[in-house]
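K.L.:
Sharing protein00.cif below, mmCIF, N, CA, C and O atoms:
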```cif
data_work
#
loop_
_atom_site.label_atom_id
_atom_site.label_comp_id
_atom_site.auth_asym_id
_atom_site.auth_seq_id
_atom_site.Cartn_x
_atom_site.Cartn_y
_atom_site.Cartn_z
N MET A 1 88.91 62.65 62.98
CA MET A 1 88.65 63.24 61.69
C MET A 1 89.67 62.64 60.72
O MET A 1 90.84 62.54 61.04
N THR A 2 89.18 62.27 59.56
CA THR A 2 90.01 61.55 58.60
C THR A 2 89.62 61.96 57.19
O THR A 2 88.73 62.78 57.00
N ARG A 3 90.31 61.37 56.21
CA ARG A 3 89.91 61.54 54.82
C ARG A 3 90.34 60.30 54.03
O ARG A 3 91.26 59.58 54.42
N GLN A 4 89.64 60.06 52.95
CA GLN A 4 89.93 58.92 52.09
C GLN A 4 91.32 59.08 51.48
O GLN A 4 91.75 60.19 51.14
N GLY A 5 92.05 57.98 51.37
CA GLY A 5 93.35 57.98 50.71
C GLY A 5 94.48 58.56 51.54
O GLY A 5 95.57 58.78 51.02
N CYS A 6 94.26 58.77 52.82
CA CYS A 6 95.26 59.35 53.71
C CYS A 6 95.96 58.22 54.47
O CYS A 6 95.34 57.57 55.33
N HIS A 7 97.23 57.99 54.18
CA HIS A 7 97.97 56.91 54.83
C HIS A 7 98.08 57.15 56.35
O HIS A 7 97.88 56.23 57.14
N ALA A 8 98.37 58.38 56.75
CA ALA A 8 98.47 58.69 58.18
C ALA A 8 97.14 58.43 58.88
O ALA A 8 97.11 57.99 60.03
N CYS A 9 96.04 58.70 58.18
CA CYS A 9 94.72 58.46 58.75
C CYS A 9 94.50 56.96 58.97
O CYS A 9 93.96 56.56 60.02
N ALA A 10 94.91 56.15 58.03
CA ALA A 10 94.76 54.70 58.16
C ALA A 10 95.55 54.17 59.36
O ALA A 10 95.07 53.33 60.11
N VAL A 11 96.76 54.69 59.54
CA VAL A 11 97.59 54.28 60.67
C VAL A 11 96.92 54.71 61.98
O VAL A 11 96.82 53.92 62.93
N ALA A 12 96.45 55.94 62.04
CA ALA A 12 95.80 56.45 63.25
C ALA A 12 94.53 55.66 63.55
O ALA A 12 94.26 55.34 64.72
N GLU A 13 93.75 55.35 62.53
CA GLU A 13 92.52 54.58 62.74
C GLU A 13 92.83 53.22 63.33
O GLU A 13 92.13 52.76 64.24
N ALA A 14 93.88 52.56 62.84
CA ALA A 14 94.26 51.26 63.38
C ALA A 14 94.68 51.38 64.85
O ALA A 14 94.30 50.55 65.68
N ASP A 15 95.43 52.42 65.18
CA ASP A 15 95.85 52.64 66.56
C ASP A 15 94.65 52.90 67.46
O ASP A 15 94.53 52.32 68.54
N VAL A 16 93.76 53.78 67.03
CA VAL A 16 92.57 54.11 67.83
C VAL A 16 91.69 52.87 67.99
O VAL A 16 91.19 52.61 69.09
N ALA A 17 91.52 52.11 66.94
CA ALA A 17 90.69 50.90 67.01
C ALA A 17 91.25 49.93 68.04
O ALA A 17 90.51 49.37 68.87
N ARG A 18 92.56 49.72 68.03
CA ARG A 18 93.20 48.81 68.97
C ARG A 18 93.05 49.30 70.40
O ARG A 18 92.64 48.55 71.30
N ILE A 19 93.35 50.58 70.63
CA ILE A 19 93.29 51.14 71.98
C ILE A 19 91.85 51.12 72.50
O ILE A 19 91.60 50.71 73.64
N CYS A 20 90.92 51.54 71.68
CA CYS A 20 89.51 51.56 72.12
C CYS A 20 88.98 50.16 72.39
O CYS A 20 88.21 49.96 73.33
N ALA A 21 89.39 49.20 71.58
CA ALA A 21 88.96 47.82 71.82
C ALA A 21 89.49 47.31 73.16
O ALA A 21 88.76 46.67 73.92
N GLU A 22 90.75 47.62 73.44
CA GLU A 22 91.34 47.20 74.71
C GLU A 22 90.64 47.84 75.90
O GLU A 22 90.52 47.23 76.96
N LEU A 23 90.18 49.09 75.73
CA LEU A 23 89.55 49.82 76.83
C LEU A 23 88.03 49.69 76.84
O LEU A 23 87.38 50.18 77.76
N GLY A 24 87.46 49.05 75.81
CA GLY A 24 86.01 48.91 75.73
C GLY A 24 85.29 50.21 75.46
O GLY A 24 84.19 50.43 75.95
N VAL A 25 85.91 51.06 74.65
CA VAL A 25 85.36 52.38 74.33
C VAL A 25 84.89 52.39 72.87
O VAL A 25 85.61 51.95 71.98
N ASP A 26 83.68 52.90 72.64
CA ASP A 26 83.18 53.06 71.28
C ASP A 26 83.87 54.23 70.60
O ASP A 26 84.25 55.21 71.26
N TRP A 27 84.02 54.14 69.28
CA TRP A 27 84.63 55.23 68.53
C TRP A 27 84.11 55.18 67.11
O TRP A 27 83.51 54.21 66.68
N ASP A 28 84.32 56.26 66.38
CA ASP A 28 83.96 56.29 64.96
C ASP A 28 84.85 57.31 64.25
O ASP A 28 85.65 58.00 64.87
N THR A 29 84.70 57.34 62.94
CA THR A 29 85.47 58.29 62.13
C THR A 29 84.50 59.22 61.41
O THR A 29 83.33 58.89 61.22
N GLN A 30 85.01 60.35 61.02
CA GLN A 30 84.24 61.28 60.22
C GLN A 30 85.18 61.82 59.14
O GLN A 30 86.27 62.30 59.45
N ASP A 31 84.76 61.73 57.90
CA ASP A 31 85.54 62.20 56.77
C ASP A 31 85.38 63.72 56.66
O ASP A 31 84.27 64.21 56.42
N VAL A 32 86.47 64.46 56.81
CA VAL A 32 86.40 65.92 56.77
C VAL A 32 85.96 66.45 55.41
O VAL A 32 85.45 67.56 55.32
N ASP A 33 86.14 65.65 54.37
CA ASP A 33 85.81 66.12 53.03
C ASP A 33 84.31 66.02 52.72
O ASP A 33 83.88 66.46 51.66
N THR A 34 83.53 65.49 53.66
CA THR A 34 82.08 65.41 53.45
C THR A 34 81.35 66.64 53.95
O THR A 34 80.15 66.77 53.74
N ASP A 35 82.06 67.54 54.63
CA ASP A 35 81.44 68.72 55.22
C ASP A 35 82.39 69.91 55.08
O ASP A 35 83.51 69.86 55.58
N PRO A 36 81.96 70.98 54.42
CA PRO A 36 82.83 72.14 54.21
C PRO A 36 83.37 72.74 55.52
O PRO A 36 84.53 73.18 55.56
N GLU A 37 82.58 72.75 56.57
CA GLU A 37 83.04 73.30 57.84
C GLU A 37 84.14 72.43 58.46
O GLU A 37 85.12 72.95 58.99
N LEU A 38 83.95 71.11 58.40
CA LEU A 38 84.98 70.20 58.92
C LEU A 38 86.25 70.32 58.10
O LEU A 38 87.36 70.32 58.65
N ARG A 39 86.11 70.40 56.78
CA ARG A 39 87.28 70.53 55.91
C ARG A 39 88.04 71.81 56.24
O ARG A 39 89.27 71.81 56.31
N ALA A 40 87.32 72.91 56.47
CA ALA A 40 87.96 74.18 56.80
C ALA A 40 88.68 74.11 58.15
O ALA A 40 89.77 74.66 58.31
N GLU A 41 88.07 73.43 59.10
CA GLU A 41 88.64 73.35 60.45
C GLU A 41 89.79 72.37 60.56
O GLU A 41 90.81 72.65 61.17
N TYR A 42 89.63 71.18 59.98
CA TYR A 42 90.58 70.10 60.21
C TYR A 42 91.35 69.64 58.98
O TYR A 42 92.28 68.85 59.11
N GLY A 43 90.99 70.12 57.81
CA GLY A 43 91.49 69.57 56.56
C GLY A 43 92.99 69.51 56.38
O GLY A 43 93.51 68.60 55.75
N ASP A 44 93.72 70.47 56.95
CA ASP A 44 95.17 70.46 56.76
C ASP A 44 95.91 69.74 57.88
O ASP A 44 97.13 69.70 57.89
N ARG A 45 95.17 69.16 58.83
CA ARG A 45 95.81 68.51 59.97
C ARG A 45 95.41 67.05 60.15
O ARG A 45 95.72 66.47 61.18
N VAL A 46 94.68 66.46 59.22
CA VAL A 46 94.21 65.09 59.43
C VAL A 46 95.38 64.11 59.49
O VAL A 46 96.39 64.34 58.84
N PRO A 47 95.24 63.08 60.27
CA PRO A 47 94.11 62.76 61.12
C PRO A 47 94.08 63.62 62.38
O PRO A 47 95.12 64.03 62.89
N VAL A 48 92.88 63.88 62.85
CA VAL A 48 92.67 64.62 64.10
C VAL A 48 91.90 63.71 65.04
O VAL A 48 90.89 63.13 64.65
N ILE A 49 92.39 63.61 66.26
CA ILE A 49 91.72 62.81 67.28
C ILE A 49 90.87 63.75 68.13
O ILE A 49 91.36 64.77 68.62
N VAL A 50 89.59 63.42 68.26
CA VAL A 50 88.66 64.20 69.07
C VAL A 50 88.14 63.30 70.18
O VAL A 50 87.71 62.18 69.93
N VAL A 51 88.21 63.79 71.42
CA VAL A 51 87.73 63.04 72.58
C VAL A 51 86.68 63.89 73.29
O VAL A 51 86.96 65.04 73.65
N ASP A 52 85.50 63.35 73.43
CA ASP A 52 84.40 64.06 74.10
C ASP A 52 84.16 65.43 73.50
O ASP A 52 83.94 66.41 74.20
N GLY A 53 84.23 65.52 72.17
CA GLY A 53 83.94 66.75 71.46
C GLY A 53 85.05 67.77 71.42
O GLY A 53 84.90 68.83 70.80
N ALA A 54 86.19 67.48 72.05
CA ALA A 54 87.31 68.42 72.06
C ALA A 54 88.50 67.82 71.31
O ALA A 54 88.79 66.62 71.43
N GLU A 55 89.21 68.66 70.57
CA GLU A 55 90.39 68.19 69.85
C GLU A 55 91.44 67.72 70.84
O GLU A 55 91.82 68.43 71.76
N HIS A 56 91.90 66.49 70.63
CA HIS A 56 92.87 65.87 71.53
C HIS A 56 94.27 65.89 70.93
O HIS A 56 95.26 65.98 71.66
N GLY A 57 94.37 65.76 69.62
CA GLY A 57 95.67 65.72 68.96
C GLY A 57 95.49 65.53 67.47
O GLY A 57 94.39 65.30 66.99
N TYR A 58 96.59 65.65 66.74
CA TYR A 58 96.52 65.47 65.30
C TYR A 58 97.81 64.91 64.76
O TYR A 58 98.84 64.92 65.43
N TRP A 59 97.73 64.40 63.54
CA TRP A 59 98.79 63.78 62.76
C TRP A 59 99.20 62.40 63.23
O TRP A 59 99.52 61.55 62.44
N LYS A 60 99.22 62.14 64.53
CA LYS A 60 99.54 60.80 65.02
C LYS A 60 98.87 60.60 66.37
O LYS A 60 98.52 61.56 67.06
N VAL A 61 98.71 59.35 66.75
CA VAL A 61 98.11 59.00 68.03
C VAL A 61 99.22 58.96 69.08
O VAL A 61 100.20 58.25 68.91
N GLU A 62 99.05 59.73 70.12
CA GLU A 62 99.96 59.68 71.27
C GLU A 62 99.32 58.73 72.27
O GLU A 62 98.46 59.12 73.06
N GLU A 63 99.73 57.47 72.20
CA GLU A 63 99.02 56.41 72.91
C GLU A 63 98.88 56.65 74.41
O GLU A 63 97.75 56.52 74.93
N PRO A 64 99.91 57.00 75.16
CA PRO A 64 99.70 57.22 76.60
C PRO A 64 98.68 58.33 76.89
O PRO A 64 97.84 58.18 77.78
N ARG A 65 98.74 59.42 76.14
CA ARG A 65 97.79 60.52 76.33
C ARG A 65 96.37 60.08 76.01
O ARG A 65 95.43 60.43 76.72
N LEU A 66 96.21 59.34 74.90
CA LEU A 66 94.87 58.90 74.52
C LEU A 66 94.32 57.93 75.54
O LEU A 66 93.16 58.03 75.96
N ARG A 67 95.13 57.00 75.99
CA ARG A 67 94.67 56.05 77.02
C ARG A 67 94.22 56.79 78.28
O ARG A 67 93.20 56.47 78.87
N ALA A 68 94.99 57.79 78.69
CA ALA A 68 94.63 58.57 79.88
C ALA A 68 93.33 59.31 79.68
O ALA A 68 92.47 59.36 80.57
N ALA A 69 93.14 59.87 78.50
CA ALA A 69 91.91 60.63 78.22
C ALA A 69 90.68 59.73 78.17
O ALA A 69 89.58 60.17 78.50
N LEU A 70 90.87 58.49 77.77
CA LEU A 70 89.75 57.57 77.64
C LEU A 70 89.47 56.77 78.91
O LEU A 70 88.45 56.10 79.00
N SER A 71 90.36 56.84 79.86
CA SER A 71 90.20 56.05 81.10
C SER A 71 89.36 56.78 82.12
O SER A 71 89.23 57.95 82.14
#
```
Would you mind writing the file's structure down as structure tokens?
P.N.:
Amino acid sequence: MTRQGCHACAVAEADVARICAELGVDWDTQDVDTDPELRAEYGDRVPVIVVDGAEHGYWKVEEPRLRAALS
């Protein structure tokens, strides 16, 4: 979960893109500001990493944890 103009989101997206590319895992982003429910749920914690529909972490990518969750 991300939003436009968020520096932390840009950093997290770059980290996720690199990790997913290395592991051969597809990923995408969703802008929380495009949906009122997403904004209410995640808006004050972006970026939020979601893995298999469950919140995995927020504000920064914890690379070892994310790699383990995606492996």
K.L.:
Atom C of Thr29 (chain A) and atom O of Thr2 (chain A) are how many Å apart?
P.N.:
7.1 Å
K.L.:
Taking the file as I've supplied it (selection: the PyMOL selection byres (((chain A and resi 10-19 and name CA) around 12) and name CA)), which residues are included? Please answer as a ChimeraX atom specification.
P.N.:
/A:1-9,20-31,46-51,57-71
K.L.:
Write out as a PyMOL selection string all residues of chain A that DSSP puts in helix (DSSP H, G or I) for this structure's backbone.
P.N.:
chain A and resi 7-23+32-34+36-42+63-70
K.L.:
Take atom N of Pro36 (chain A) and atom O of His56 (chain A) and report the distance between them in Å, one decimal.
P.N.:
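If I compute the distance from atom N of Pro36 (chain A) to atom O of His56 (chain A), I get 22.3 Å.
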K.L.:
Rounded to one decimal, what separation in Å do you get between atom C of Arg39 (chain A) and CA of Glu55 (chain A)?
P.N.:
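Pair atom C of Arg39 (chain A) / CA of Glu55 (chain A) returns 14.3 Å.
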K.L.:
Just list the residues in chain A DSSP gives strand (DSSP E) on the backbone, as a list in words.
P.N.:
Val48, Ile49, Val50, Val51, Ala54, Glu55, His56, Gly57 and Tyr58 of chain A
K.L.:
Listed atoms of region 42-47 of chain A, axis-aligned box, 4 Å per side: centre and edge lengths to one decimal in Å, as lines of an AutoDock Vina configuration file?
P.N.:
```
center_x = 93.4
center_y = 67.0
center_z = 59.3
size_x = 15.5
size_y = 16.4
size_z = 15.1
```
K.L.:
Would you mind putting all heavy atoms back on region 1-12 of chain A and writing the result as a short mmCIF file (atom, residue, chain, number, x, y, z; two decimals), in the coordinates of the input?
P.N.:
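The resulting file, out_9.cif, is shown below:
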```cif
data_model
loop_
_atom_site.label_atom_id
_atom_site.label_comp_id
_atom_site.auth_asym_id
_atom_site.auth_seq_id
_atom_site.Cartn_x
_atom_site.Cartn_y
_atom_site.Cartn_z
N MET A 1 88.91 62.65 62.98
CA MET A 1 88.65 63.24 61.69
C MET A 1 89.67 62.64 60.72
O MET A 1 90.84 62.54 61.04
CB MET A 1 88.82 64.75 61.75
CG MET A 1 87.92 65.44 62.73
SD MET A 1 86.21 65.30 62.24
CE MET A 1 85.41 65.85 63.70
N THR A 2 89.18 62.27 59.56
CA THR A 2 90.01 61.55 58.60
C THR A 2 89.62 61.96 57.19
O THR A 2 88.73 62.78 57.00
CB THR A 2 89.82 60.03 58.82
OG1 THR A 2 90.74 59.31 58.01
CG2 THR A 2 88.42 59.58 58.56
N ARG A 3 90.31 61.37 56.21
CA ARG A 3 89.91 61.54 54.82
C ARG A 3 90.34 60.30 54.03
O ARG A 3 91.26 59.58 54.42
CB ARG A 3 90.46 62.81 54.19
CG ARG A 3 91.90 62.80 53.85
CD ARG A 3 92.38 63.98 52.95
NE ARG A 3 91.58 65.14 52.98
CZ ARG A 3 91.90 66.30 53.58
NH1 ARG A 3 93.05 66.41 54.20
NH2 ARG A 3 91.09 67.32 53.54
N GLN A 4 89.64 60.06 52.95
CA GLN A 4 89.93 58.92 52.09
C GLN A 4 91.32 59.08 51.48
O GLN A 4 91.75 60.19 51.14
CB GLN A 4 88.91 58.83 50.96
CG GLN A 4 87.51 58.51 51.44
CD GLN A 4 87.41 57.12 52.02
OE1 GLN A 4 87.97 56.17 51.50
NE2 GLN A 4 86.71 57.00 53.13
N GLY A 5 92.05 57.98 51.37
CA GLY A 5 93.35 57.98 50.71
C GLY A 5 94.48 58.56 51.54
O GLY A 5 95.57 58.78 51.02
N CYS A 6 94.26 58.77 52.82
CA CYS A 6 95.26 59.35 53.71
C CYS A 6 95.96 58.22 54.47
O CYS A 6 95.34 57.57 55.33
CB CYS A 6 94.57 60.33 54.67
SG CYS A 6 95.59 60.90 56.03
N HIS A 7 97.23 57.99 54.18
CA HIS A 7 97.97 56.91 54.83
C HIS A 7 98.08 57.15 56.35
O HIS A 7 97.88 56.23 57.14
CB HIS A 7 99.36 56.77 54.24
CG HIS A 7 100.21 55.77 54.96
ND1 HIS A 7 99.98 54.41 54.90
CD2 HIS A 7 101.26 55.94 55.81
CE1 HIS A 7 100.87 53.79 55.66
NE2 HIS A 7 101.65 54.69 56.22
N ALA A 8 98.37 58.38 56.75
CA ALA A 8 98.47 58.69 58.18
C ALA A 8 97.14 58.43 58.88
O ALA A 8 97.11 57.99 60.03
CB ALA A 8 98.93 60.13 58.39
N CYS A 9 96.04 58.70 58.18
CA CYS A 9 94.72 58.46 58.75
C CYS A 9 94.50 56.96 58.97
O CYS A 9 93.96 56.56 60.02
CB CYS A 9 93.62 59.01 57.84
SG CYS A 9 93.67 60.81 57.66
N ALA A 10 94.91 56.15 58.03
CA ALA A 10 94.76 54.70 58.16
C ALA A 10 95.55 54.17 59.36
O ALA A 10 95.07 53.33 60.11
CB ALA A 10 95.18 54.00 56.87
N VAL A 11 96.76 54.69 59.54
CA VAL A 11 97.59 54.28 60.67
C VAL A 11 96.92 54.71 61.98
O VAL A 11 96.82 53.92 62.93
CB VAL A 11 99.01 54.87 60.55
CG1 VAL A 11 99.81 54.64 61.82
CG2 VAL A 11 99.72 54.29 59.34
N ALA A 12 96.45 55.94 62.04
CA ALA A 12 95.80 56.45 63.25
C ALA A 12 94.53 55.66 63.55
O ALA A 12 94.26 55.34 64.72
CB ALA A 12 95.49 57.94 63.10
#
```
